[in-house]
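Reading through the C-alpha cells given below for one structure.
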Amino acid sequence: MAAQAQQDSAAGSVHGSDHDTTHGSVHGEAYDSVRDREIRGEQQHLDRVYRRLEEKIHEAEFLMRDAARRGQVGTPGALAERDAQVFRAGVHLNRLNSEYEDFLFGRIDLLAGKDGKKGPDGAYTAVEPAEGAVREDNTADIAETLHIGRIGVLDEDYAPLVIDWRAPAAAPFYRSTPLDPGRVVRRRVIRSKGRRVLGVEDDLMRPELRAFLDGRELPAVGDGALMAALGRARGHTMRDIVASIQAEQDLVIRAPAASVTYVEGGPGTGKTAVALHRAAYLLYQDRRRYAGGILIVSPTPLLVAYTEGVLPSLGEEGQVAIRALGSLVEGVEATLYDSPPVARTKGSYRMVKVLRKAARGALERDGVPGRLRVVALGRRLELEGEELDRIRRTALGGTAPVNLLRPRARRLLLDALWEKSGAAARYTDPELAAELRASFDEDVTEEESFTGFLDAWWPELTPRDVLAAMADERRLGRWARRILDPGEVRGLARSLRRDGYSVHDIALLDELQAVLGTPARPRRKRELDPLDQLTGLEELMPVREESQRERAERLAQERTEYAHVIVDEAQDLTPMQWRMVGRRGRHATWTVVGDPAQSSWSDPDEAAEAREEALGTRPRRRFRLTVNYRNPAEIAEVASKVLALAMPGSTAPSAVRSTGVEPRFAVAGDSLERTVRAEAERLLGQVDGTVGVIVAMNRREEARRWLTGLGTGNRPDGLPEDAPDERDRGRVVVLGSLEAKGLEYDATVVVSPAEIADESPAGLRVLYVALTRATQRLTVVSGERDEPDGAGVPDLLRD
Ligand SMILES: Nc1ncnc2c1ncn2[C@@H]1O[C@H](COP(=O)(O)OP(=O)(O)OP(=O)(O)O)[C@@H](O)[C@H]1O
C-alpha cells in the first residue's frame, strides 16, 4: 500500500541508495562535498535573485518619488502596472524575508523541448522532449534550468530567475513523475530560510539517464523532500505545501475554473491544502475575474484559524475570504452547539416551509393593536377584528418577501377605509372621485393614528425577530403542523430560547433574510457641504489610496456574492447550509471538496439534493485524491476498520509512509480521568508538537478539567512560573468529536470510541474523523461501553 503511494508521488525516492546516506560517493566524488557544492550553487542563485529584487524595489521607489514630484498621485497606482507589481512584490518580499521560509524552493533541469517557443514567463513552453534530446548511449544535455518560487522574477534581459509556482512553466515541477517525466531530468526541492539556502533534496525523473549540465554530470542529493516535510512536528497552524505538491493534487489546483470542480478523497489526502492553493492559483491566473472575490467556506472557526495563515504565505490575502459556516451572516456569530436531533431538524430541508410560514405568521403578535381608527372626510372610520385579519391574509397572498408587502398592506387598508367612508358612492364623475381619493389617502396617511397603527401591525421584521417568535412552542407548533412532529417542535422551540445562536441557526437566519426581503431604503440626503460650492478642489487635495487590505476588507463587508466559491468539508453541509452557501455563489464557479465517509450529517441523500440545487446545472468535473499524507500506515489501518463499518465497501486512501509505531490501546480502570491524563502526558513526552485529546461532544467541559495544567495553557492555581510543564503550554488541545474536523496533531488520544459512535446517527463517521487526526501517534482509551479485548482493543476497532 505504502509502496504504491510512494511510486505515485512525484517526490518518491527514486535515486540509488548511495544518496540515502550522508556519507559515501556520487560519481566518484565525496557525497558531502557534492552536496556542499550544490548548496553553494543554489546560494549563488538566491543571492542573485535578491540582488535583482532589491534593484527593482529601488527602481520602483524612484519611480514613485518621481511621480510624486511631478504632482501625480504618490502611490503605486500611478506607476505602470508592471512596476506597481514589482513594488508590491518588493513589499511582499520584505515580509517573506522576515517571516517565511522557502522563498525559492524548487528547481527543474530540463531536456531540450520539441520547439523553440517561449512563454510570457521567459521559459520554453514545450512539454515533451525534442527528438534526439536523449542520445543513443542514454546520455543527454540539460537545455534549460528553471527555479521555482513564491513569485516570479526576471533578470535584466527578461530571462526568468524565478518562475512563480502558479505559472504554466512551473507545472512540470509538480507533475513530472518517473512514469511520465516529460522534459524533466532532475527535480530539486531547495530548503531556504530568508536569504540562506539550508539544503537540497533531489529526485531523478529519468534515473537511467546520464545528464550533463555545462559539461558536468548532474548529481542527485538528499533523500526525499516530501518525507522530510511530512515528518516535521505540527504546530497550531497549517503550512503551505508549495514545495511538495503532488501530481494528482496539482491537477486539481490548476483545473480550469469553469463550472464545478468536485474533489473527493479520504482523510489526509490534502483536500484542504489543495483548496487553499487553488484559490491562490485562480487569483494568479485571472486576477481581474476574481476581483469579484473568492469565498472559502470552512466548517468550524477552529479550522479557519488553523488554515488562515496559508494564503498570506502563498502571497495571497485580500481577495480571498475564509469563513466558517457559523460566520457567514454578517453581524452574527455562532457560539452554541445543538444536540444531534435538534441539529437534524434545523438542517433539514423541511425548515424552508416552516420558516416561510413563521415569517408570515410572526406578524401576528401579542400586543398588536386590534383596531384602526382614523378621522377623514369629517368622519370617524374604523377597521377591526375579522376585517383586519382578512386584509392581512389578502396582503400576504403569494410568495413575495414579507417585508416588501408592507406597501400592499397599506394600500389595502386605505381601500377598506375609503370603502367605509362611503365617499365612492357619492361621486359618479371618475375624475372627481380619483381626486378626492388622492386627497383622502394623503390625509389619512399623514395621521399619526394611521402610521402608528401600520408600524405596529406590519412592522419590518428581522430574521432575529422571526427566530425569536419560533421559540414559542405553541406558535411554532402551528407553523410546523404536518411538517415537523411534536417532539421536533418541542426540541426546536427549546433550543431557540437559549441566549445566542448555533451554527445551524445561522443558516435559518440567512433563509429568513431571503424570505423577509429588505425594503429599499430612501437614500439619506447628503449633508450640505460648504466646500461643494468650490470646483477643482479635488486636484488640490492629496489623495490617499486605500491599501490593498483595506480595500479587501471593505469589499468583503459589502459583498454578498462571490466569483468563485470553495467549499471545504462539503460532506458536512446540511441542506439548509447548502442553500445559504448557494445564495453567495449564484453566478460563481465552484470548487467543492469533501469525503462522504467523514460526513456528520445523518441524511446524506437529502444533503446531496440540496447541493445539486445550489450548484445548479453547471457541468461538473470530478477528481479523486488517493494518497493519505497525514496518517502513518499503522494509524490508517486502525481507522480503516471503522470505515468498513461506517461506509461498507468504500476504500481508504493509501498511507504514504509508515513509522513502525503501532497505535496504543489503554483501558480506563476505575478512573477515565486518570487514564486519559496519563496517556496525554505520555504522548507529550514522545512528540515535539501538539497532542489532541478527542472526546464525545458532551464530555468536552469535563475533559478540559481533567487535563488542566497539562500543556493546556490552563495553569492550576499556585503553580510556579518555571514549573516543569511550562514548556508544554498550548501543546495539548481538548476537542469534542465534531470540533476535530479537518484538524491534525502530532499525536491524539481518542477517548471511548463507543461514546463517540453512539452520540449521533452519523457517529461512526464522526469516529472515523477522530481516528484520522494524528500524524505520528495514536492512543485509544476504552471506557465503560467499549468492551475491550485482552489487548485493550475496543470492540469497534477489532476485525
Ligand atoms: N503534497 C504535500 N506535501 C506535503 N504535505 C502535504 C501534501 N499534501 C498534504 N499534505 C499534508 O497532509 C496533511 C493533510 O492535508 P489536509 O488537511 O489538506 O487533508 P484533507 O484531505 O483536508 O484531510 P481531512 O479530510 O482529514 O480533513 C496536512 O498536514 C498537509 O499539509
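By order in the C-alpha cells, chains are A, B, ...; within a chain, residues start at 1; ligands start at 1, following the order shown.
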
Do you have, as a Markdown table, the list of residues of chain A lying at most 8 Å from ligand 1, each with its nearest atom pair and that distance in Å to one decimal, counting only C-alpha atoms and all ligand atoms and ordered by chain then number?
```
| residue | atom | partner | partner_atom_place_in_ligand_line | distance |
| --- | --- | --- | --- | --- |
| A:Leu226 | CA | ligand 1 | 3 (N) | 5.7 |
| A:Met227 | CA | ligand 1 | 4 (C) | 7.9 |
| A:Ala229 | CA | ligand 1 | 4 (C) | 5.7 |
| A:Leu230 | CA | ligand 1 | 5 (N) | 5.5 |
| A:Arg234 | CA | ligand 1 | 29 (O) | 7.7 |
| A:Met238 | CA | ligand 1 | 31 (O) | 6.3 |
| A:Arg239 | CA | ligand 1 | 31 (O) | 5.8 |
| A:Asp240 | CA | ligand 1 | 31 (O) | 6.4 |
| A:Ile241 | CA | ligand 1 | 3 (N) | 4.9 |
| A:Val242 | CA | ligand 1 | 3 (N) | 7.5 |
| A:Ala243 | CA | ligand 1 | 3 (N) | 7.2 |
| A:Ser244 | CA | ligand 1 | 3 (N) | 4.3 |
| A:Ile245 | CA | ligand 1 | 1 (N) | 3.7 |
| A:Gln246 | CA | ligand 1 | 1 (N) | 4.7 |
| A:Gln249 | CA | ligand 1 | 1 (N) | 7.1 |
| A:Gly265 | CA | ligand 1 | 21 (O) | 6.2 |
| A:Gly266 | CA | ligand 1 | 25 (O) | 5.6 |
| A:Pro267 | CA | ligand 1 | 26 (O) | 3.4 |
| A:Gly268 | CA | ligand 1 | 19 (O) | 3.6 |
| A:Thr269 | CA | ligand 1 | 21 (O) | 3.9 |
| A:Gly270 | CA | ligand 1 | 18 (O) | 3.1 |
| A:Lys271 | CA | ligand 1 | 21 (O) | 3.7 |
| A:Thr272 | CA | ligand 1 | 18 (O) | 3.6 |
| A:Ala273 | CA | ligand 1 | 18 (O) | 3.8 |
| A:Val274 | CA | ligand 1 | 18 (O) | 6.3 |
| A:Ala275 | CA | ligand 1 | 18 (O) | 7.9 |
| A:Asp568 | CA | ligand 1 | 22 (O) | 7.7 |
| A:Glu569 | CA | ligand 1 | 27 (O) | 6.9 |
| A:Gly594 | CA | ligand 1 | 25 (O) | 6.7 |
| A:Asp595 | CA | ligand 1 | 25 (O) | 6.3 |
| A:Gln598 | CA | ligand 1 | 25 (O) | 7.3 |
| A:Asn628 | CA | ligand 1 | 12 (O) | 7.1 |
| A:Tyr629 | CA | ligand 1 | 12 (O) | 4.4 |
| A:Arg630 | CA | ligand 1 | 12 (O) | 4.5 |
| A:Lys741 | CA | ligand 1 | 27 (O) | 6.1 |
| A:Gly742 | CA | ligand 1 | 27 (O) | 3.4 |
| A:Leu743 | CA | ligand 1 | 27 (O) | 6.3 |
| A:Glu744 | CA | ligand 1 | 29 (O) | 6.9 |
| A:Val769 | CA | ligand 1 | 26 (O) | 6.6 |
| A:Thr772 | CA | ligand 1 | 26 (O) | 6.5 |
| A:Arg773 | CA | ligand 1 | 26 (O) | 6.7 |
| A:Thr775 | CA | ligand 1 | 29 (O) | 7.8 |
```

I need the residues of range 307-434 of chain A that end up classed as helix (DSSP H, G or I) by DSSP on the backbone, written out as an mmCIF file with N, CA and C atoms, in the first residue's frame.
```cif
data_model
loop_
_atom_site.group_PDB
_atom_site.id
_atom_site.type_symbol
_atom_site.label_atom_id
_atom_site.label_comp_id
_atom_site.auth_asym_id
_atom_site.auth_seq_id
_atom_site.Cartn_x
_atom_site.Cartn_y
_atom_site.Cartn_z
ATOM 1 N N THR A 307 -6.173 27.203 9.196
ATOM 2 C CA THR A 307 -5.752 27.330 7.800
ATOM 3 C C THR A 307 -5.459 28.765 7.355
ATOM 4 N N VAL A 310 -2.185 30.122 5.649
ATOM 5 C CA VAL A 310 -1.630 29.535 4.429
ATOM 6 C C VAL A 310 -1.659 30.520 3.263
ATOM 7 N N LEU A 311 -2.764 31.240 3.109
ATOM 8 C CA LEU A 311 -2.864 32.126 1.940
ATOM 9 C C LEU A 311 -1.858 33.266 1.950
ATOM 10 N N PRO A 312 -1.707 33.976 3.078
ATOM 11 C CA PRO A 312 -0.654 35.005 3.052
ATOM 12 C C PRO A 312 0.706 34.402 2.743
ATOM 13 N N SER A 313 0.952 33.179 3.192
ATOM 14 C CA SER A 313 2.261 32.592 2.915
ATOM 15 C C SER A 313 2.403 32.287 1.425
ATOM 16 N N LEU A 325 -18.876 28.291 8.614
ATOM 17 C CA LEU A 325 -20.320 28.256 8.343
ATOM 18 C C LEU A 325 -21.100 29.105 9.347
ATOM 19 N N GLY A 326 -20.569 29.187 10.552
ATOM 20 C CA GLY A 326 -21.255 29.943 11.603
ATOM 21 C C GLY A 326 -20.988 31.433 11.537
ATOM 22 N N SER A 327 -20.184 31.892 10.565
ATOM 23 C CA SER A 327 -19.882 33.329 10.481
ATOM 24 C C SER A 327 -20.267 33.889 9.120
ATOM 25 N N PRO A 340 -27.719 16.383 18.591
ATOM 26 C CA PRO A 340 -27.903 15.811 17.238
ATOM 27 C C PRO A 340 -29.350 15.843 16.738
ATOM 28 N N PRO A 341 -30.383 15.513 17.560
ATOM 29 C CA PRO A 341 -31.739 15.569 16.981
ATOM 30 C C PRO A 341 -32.169 16.981 16.589
ATOM 31 N N VAL A 342 -31.800 17.963 17.394
ATOM 32 C CA VAL A 342 -32.180 19.347 17.062
ATOM 33 C C VAL A 342 -31.411 19.811 15.818
ATOM 34 N N ALA A 343 -30.130 19.456 15.758
ATOM 35 C CA ALA A 343 -29.334 19.823 14.583
ATOM 36 C C ALA A 343 -29.975 19.231 13.335
ATOM 37 N N ARG A 344 -30.434 18.014 13.475
ATOM 38 C CA ARG A 344 -31.035 17.337 12.327
ATOM 39 C C ARG A 344 -32.290 18.079 11.849
ATOM 40 N N THR A 345 -33.110 18.504 12.817
ATOM 41 C CA THR A 345 -34.315 19.253 12.455
ATOM 42 C C THR A 345 -33.936 20.562 11.763
ATOM 43 N N LYS A 346 -33.017 21.294 12.385
ATOM 44 C CA LYS A 346 -32.674 22.623 11.862
ATOM 45 C C LYS A 346 -32.008 22.553 10.502
ATOM 46 N N GLY A 347 -31.277 21.465 10.252
ATOM 47 C CA GLY A 347 -30.565 21.378 8.983
ATOM 48 C C GLY A 347 -31.445 20.872 7.862
ATOM 49 N N MET A 351 -37.273 22.714 6.881
ATOM 50 C CA MET A 351 -37.312 24.011 7.561
ATOM 51 C C MET A 351 -37.693 25.147 6.607
ATOM 52 N N VAL A 352 -37.463 24.965 5.320
ATOM 53 C CA VAL A 352 -37.803 26.038 4.369
ATOM 54 C C VAL A 352 -39.280 26.391 4.524
ATOM 55 N N LYS A 353 -40.126 25.355 4.565
ATOM 56 C CA LYS A 353 -41.561 25.601 4.681
ATOM 57 C C LYS A 353 -41.911 26.212 6.026
ATOM 58 N N VAL A 354 -41.311 25.664 7.077
ATOM 59 C CA VAL A 354 -41.614 26.178 8.420
ATOM 60 C C VAL A 354 -41.253 27.666 8.485
ATOM 61 N N LEU A 355 -40.099 28.010 7.941
ATOM 62 C CA LEU A 355 -39.645 29.404 8.024
ATOM 63 C C LEU A 355 -40.547 30.324 7.208
ATOM 64 N N ARG A 356 -41.012 29.841 6.072
ATOM 65 C CA ARG A 356 -41.913 30.678 5.267
ATOM 66 C C ARG A 356 -43.181 30.971 6.047
ATOM 67 N N LYS A 357 -43.696 29.942 6.714
ATOM 68 C CA LYS A 357 -44.921 30.161 7.489
ATOM 69 C C LYS A 357 -44.644 31.065 8.674
ATOM 70 N N ALA A 358 -43.501 30.824 9.326
ATOM 71 C CA ALA A 358 -43.180 31.624 10.513
ATOM 72 C C ALA A 358 -43.009 33.093 10.127
ATOM 73 N N ALA A 359 -42.383 33.350 8.995
ATOM 74 C CA ALA A 359 -42.145 34.736 8.595
ATOM 75 C C ALA A 359 -43.467 35.465 8.376
ATOM 76 N N ARG A 360 -44.463 34.746 7.856
ATOM 77 C CA ARG A 360 -45.767 35.374 7.642
ATOM 78 C C ARG A 360 -46.533 35.449 8.947
ATOM 79 N N GLY A 361 -46.403 34.358 9.735
ATOM 80 C CA GLY A 361 -47.159 34.310 10.987
ATOM 81 C C GLY A 361 -46.613 35.261 12.046
ATOM 82 N N GLY A 385 -60.830 43.546 14.109
ATOM 83 C CA GLY A 385 -61.068 42.105 14.130
ATOM 84 C C GLY A 385 -60.923 41.425 12.783
ATOM 85 N N GLU A 386 -62.020 40.783 12.412
ATOM 86 C CA GLU A 386 -62.044 39.951 11.197
ATOM 87 C C GLU A 386 -61.651 40.753 9.945
ATOM 88 N N GLU A 387 -62.086 42.058 9.918
ATOM 89 C CA GLU A 387 -61.754 42.877 8.726
ATOM 90 C C GLU A 387 -60.241 43.016 8.563
ATOM 91 N N LEU A 388 -59.582 43.294 9.701
ATOM 92 C CA LEU A 388 -58.123 43.456 9.637
ATOM 93 C C LEU A 388 -57.446 42.140 9.269
ATOM 94 N N ASP A 389 -57.954 41.044 9.850
ATOM 95 C CA ASP A 389 -57.350 39.736 9.539
ATOM 96 C C ASP A 389 -57.467 39.423 8.050
ATOM 97 N N ARG A 390 -58.631 39.751 7.501
ATOM 98 C CA ARG A 390 -58.849 39.474 6.086
ATOM 99 C C ARG A 390 -57.866 40.298 5.219
ATOM 100 N N ILE A 391 -57.696 41.554 5.606
ATOM 101 C CA ILE A 391 -56.754 42.405 4.849
ATOM 102 C C ILE A 391 -55.345 41.820 4.925
ATOM 103 N N ARG A 392 -54.977 41.374 6.111
ATOM 104 C CA ARG A 392 -53.635 40.812 6.259
ATOM 105 C C ARG A 392 -53.467 39.566 5.367
ATOM 106 N N ARG A 393 -54.505 38.713 5.403
ATOM 107 C CA ARG A 393 -54.417 37.492 4.591
ATOM 108 C C ARG A 393 -54.284 37.833 3.095
ATOM 109 N N THR A 394 -55.095 38.802 2.667
ATOM 110 C CA THR A 394 -55.016 39.188 1.245
ATOM 111 C C THR A 394 -53.634 39.738 0.918
ATOM 112 N N ALA A 395 -53.126 40.591 1.802
ATOM 113 C CA ALA A 395 -51.810 41.193 1.533
ATOM 114 C C ALA A 395 -50.730 40.129 1.451
ATOM 115 N N LEU A 396 -50.859 39.078 2.287
ATOM 116 C CA LEU A 396 -49.820 38.055 2.343
ATOM 117 C C LEU A 396 -49.932 37.008 1.239
ATOM 118 N N VAL A 402 -42.009 39.087 2.771
ATOM 119 C CA VAL A 402 -42.972 39.729 3.670
ATOM 120 C C VAL A 402 -42.723 41.234 3.847
ATOM 121 N N ASN A 403 -41.438 41.578 4.019
ATOM 122 C CA ASN A 403 -41.155 42.995 4.269
ATOM 123 C C ASN A 403 -41.441 43.879 3.054
ATOM 124 N N LEU A 404 -41.522 43.244 1.892
ATOM 125 C CA LEU A 404 -41.806 44.037 0.691
ATOM 126 C C LEU A 404 -43.311 44.179 0.467
ATOM 127 N N LEU A 405 -44.091 43.524 1.320
ATOM 128 C CA LEU A 405 -45.546 43.563 1.138
ATOM 129 C C LEU A 405 -46.201 44.689 1.921
ATOM 130 N N ARG A 406 -45.425 45.376 2.699
ATOM 131 C CA ARG A 406 -46.000 46.444 3.517
ATOM 132 C C ARG A 406 -46.722 47.499 2.670
ATOM 133 N N PRO A 407 -46.140 47.938 1.558
ATOM 134 C CA PRO A 407 -46.886 48.920 0.751
ATOM 135 C C PRO A 407 -48.225 48.361 0.276
ATOM 136 N N ARG A 408 -48.237 47.048 -0.029
ATOM 137 C CA ARG A 408 -49.510 46.457 -0.467
ATOM 138 C C ARG A 408 -50.516 46.466 0.698
ATOM 139 N N ALA A 409 -50.060 46.132 1.888
ATOM 140 C CA ALA A 409 -50.955 46.118 3.052
ATOM 141 C C ALA A 409 -51.499 47.530 3.307
ATOM 142 N N ARG A 410 -50.620 48.512 3.150
ATOM 143 C CA ARG A 410 -51.018 49.903 3.371
ATOM 144 C C ARG A 410 -52.124 50.282 2.390
ATOM 145 N N ARG A 411 -51.932 49.896 1.145
ATOM 146 C CA ARG A 411 -52.941 50.164 0.109
ATOM 147 C C ARG A 411 -54.299 49.552 0.465
ATOM 148 N N LEU A 412 -54.224 48.273 0.882
ATOM 149 C CA LEU A 412 -55.468 47.562 1.187
ATOM 150 C C LEU A 412 -56.196 48.199 2.373
ATOM 151 N N LEU A 413 -55.417 48.678 3.347
ATOM 152 C CA LEU A 413 -56.053 49.368 4.490
ATOM 153 C C LEU A 413 -56.768 50.625 4.001
ATOM 154 N N LEU A 414 -56.091 51.383 3.142
ATOM 155 C CA LEU A 414 -56.687 52.626 2.624
ATOM 156 C C LEU A 414 -57.947 52.319 1.807
ATOM 157 N N ASP A 415 -57.871 51.243 1.008
ATOM 158 C CA ASP A 415 -59.051 50.848 0.220
ATOM 159 C C ASP A 415 -60.235 50.574 1.140
ATOM 160 N N ALA A 416 -59.937 49.813 2.239
ATOM 161 C CA ALA A 416 -61.026 49.418 3.142
ATOM 162 C C ALA A 416 -61.606 50.651 3.848
ATOM 163 N N LEU A 417 -60.731 51.589 4.236
ATOM 164 C CA LEU A 417 -61.216 52.810 4.905
ATOM 165 C C LEU A 417 -62.050 53.658 3.937
ATOM 166 N N TRP A 418 -61.609 53.754 2.714
ATOM 167 C CA TRP A 418 -62.308 54.519 1.669
ATOM 168 C C TRP A 418 -63.707 53.937 1.465
ATOM 169 N N GLU A 419 -63.704 52.617 1.419
ATOM 170 C CA GLU A 419 -64.963 51.886 1.268
ATOM 171 C C GLU A 419 -65.912 52.250 2.420
ATOM 172 N N LYS A 420 -65.338 52.211 3.638
ATOM 173 C CA LYS A 420 -66.130 52.512 4.838
ATOM 174 C C LYS A 420 -66.697 53.932 4.781
ATOM 175 N N SER A 421 -65.911 54.850 4.206
ATOM 176 C CA SER A 421 -66.340 56.255 4.222
ATOM 177 C C SER A 421 -67.585 56.477 3.353
ATOM 178 N N ALA A 423 -67.671 57.414 0.453
ATOM 179 C CA ALA A 423 -67.498 58.555 -0.452
ATOM 180 C C ALA A 423 -67.576 58.140 -1.917
ATOM 181 N N ALA A 424 -67.085 56.936 -2.216
ATOM 182 C CA ALA A 424 -67.040 56.488 -3.601
ATOM 183 C C ALA A 424 -68.426 56.534 -4.231
ATOM 184 N N ALA A 425 -69.430 56.163 -3.459
ATOM 185 C CA ALA A 425 -70.794 56.085 -3.989
ATOM 186 C C ALA A 425 -71.342 57.472 -4.323
ATOM 187 N N ARG A 426 -70.790 58.487 -3.651
ATOM 188 C CA ARG A 426 -71.363 59.822 -3.827
ATOM 189 C C ARG A 426 -70.848 60.530 -5.079
ATOM 190 N N PRO A 430 -65.664 60.019 -12.515
ATOM 191 C CA PRO A 430 -64.461 59.287 -12.100
ATOM 192 C C PRO A 430 -63.284 60.209 -11.808
ATOM 193 N N GLU A 431 -63.163 61.298 -12.573
ATOM 194 C CA GLU A 431 -62.022 62.193 -12.345
ATOM 195 C C GLU A 431 -62.084 62.836 -10.966
ATOM 196 N N LEU A 432 -63.298 63.269 -10.649
ATOM 197 C CA LEU A 432 -63.513 63.905 -9.345
ATOM 198 C C LEU A 432 -63.278 62.895 -8.213
ATOM 199 N N ALA A 433 -63.788 61.686 -8.444
ATOM 200 C CA ALA A 433 -63.642 60.633 -7.425
ATOM 201 C C ALA A 433 -62.164 60.338 -7.192
ATOM 202 N N ALA A 434 -61.401 60.276 -8.303
ATOM 203 C CA ALA A 434 -59.975 59.962 -8.173
ATOM 204 C C ALA A 434 -59.253 61.059 -7.404
#
```

- prompt: Suppose you want the space between CA of Tyr306 in chain A and CA of Arg657 in chain A; what is it in Å?
  reply: 23.5 Å

Selection near Met205 in chain A, 8 Å with only C-alpha atoms, sequence-local residues under 3 positions removed, as a ChimeraX atom specification: /A:14,176-179,181,184-187

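For the residues A:Val749, A:Leu111, A:Ala644, A:Met580, ranking by smallest atom-to-atom distance to Val297 in chain A using only C-alpha atoms places A:Met580 first.
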
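Take the candidates A:Leu146, A:Leu363, A:Val781, A:Ala514 and check each one against Asp455 in chain A using only C-alpha atoms; the shortest distance goes to A:Leu363.
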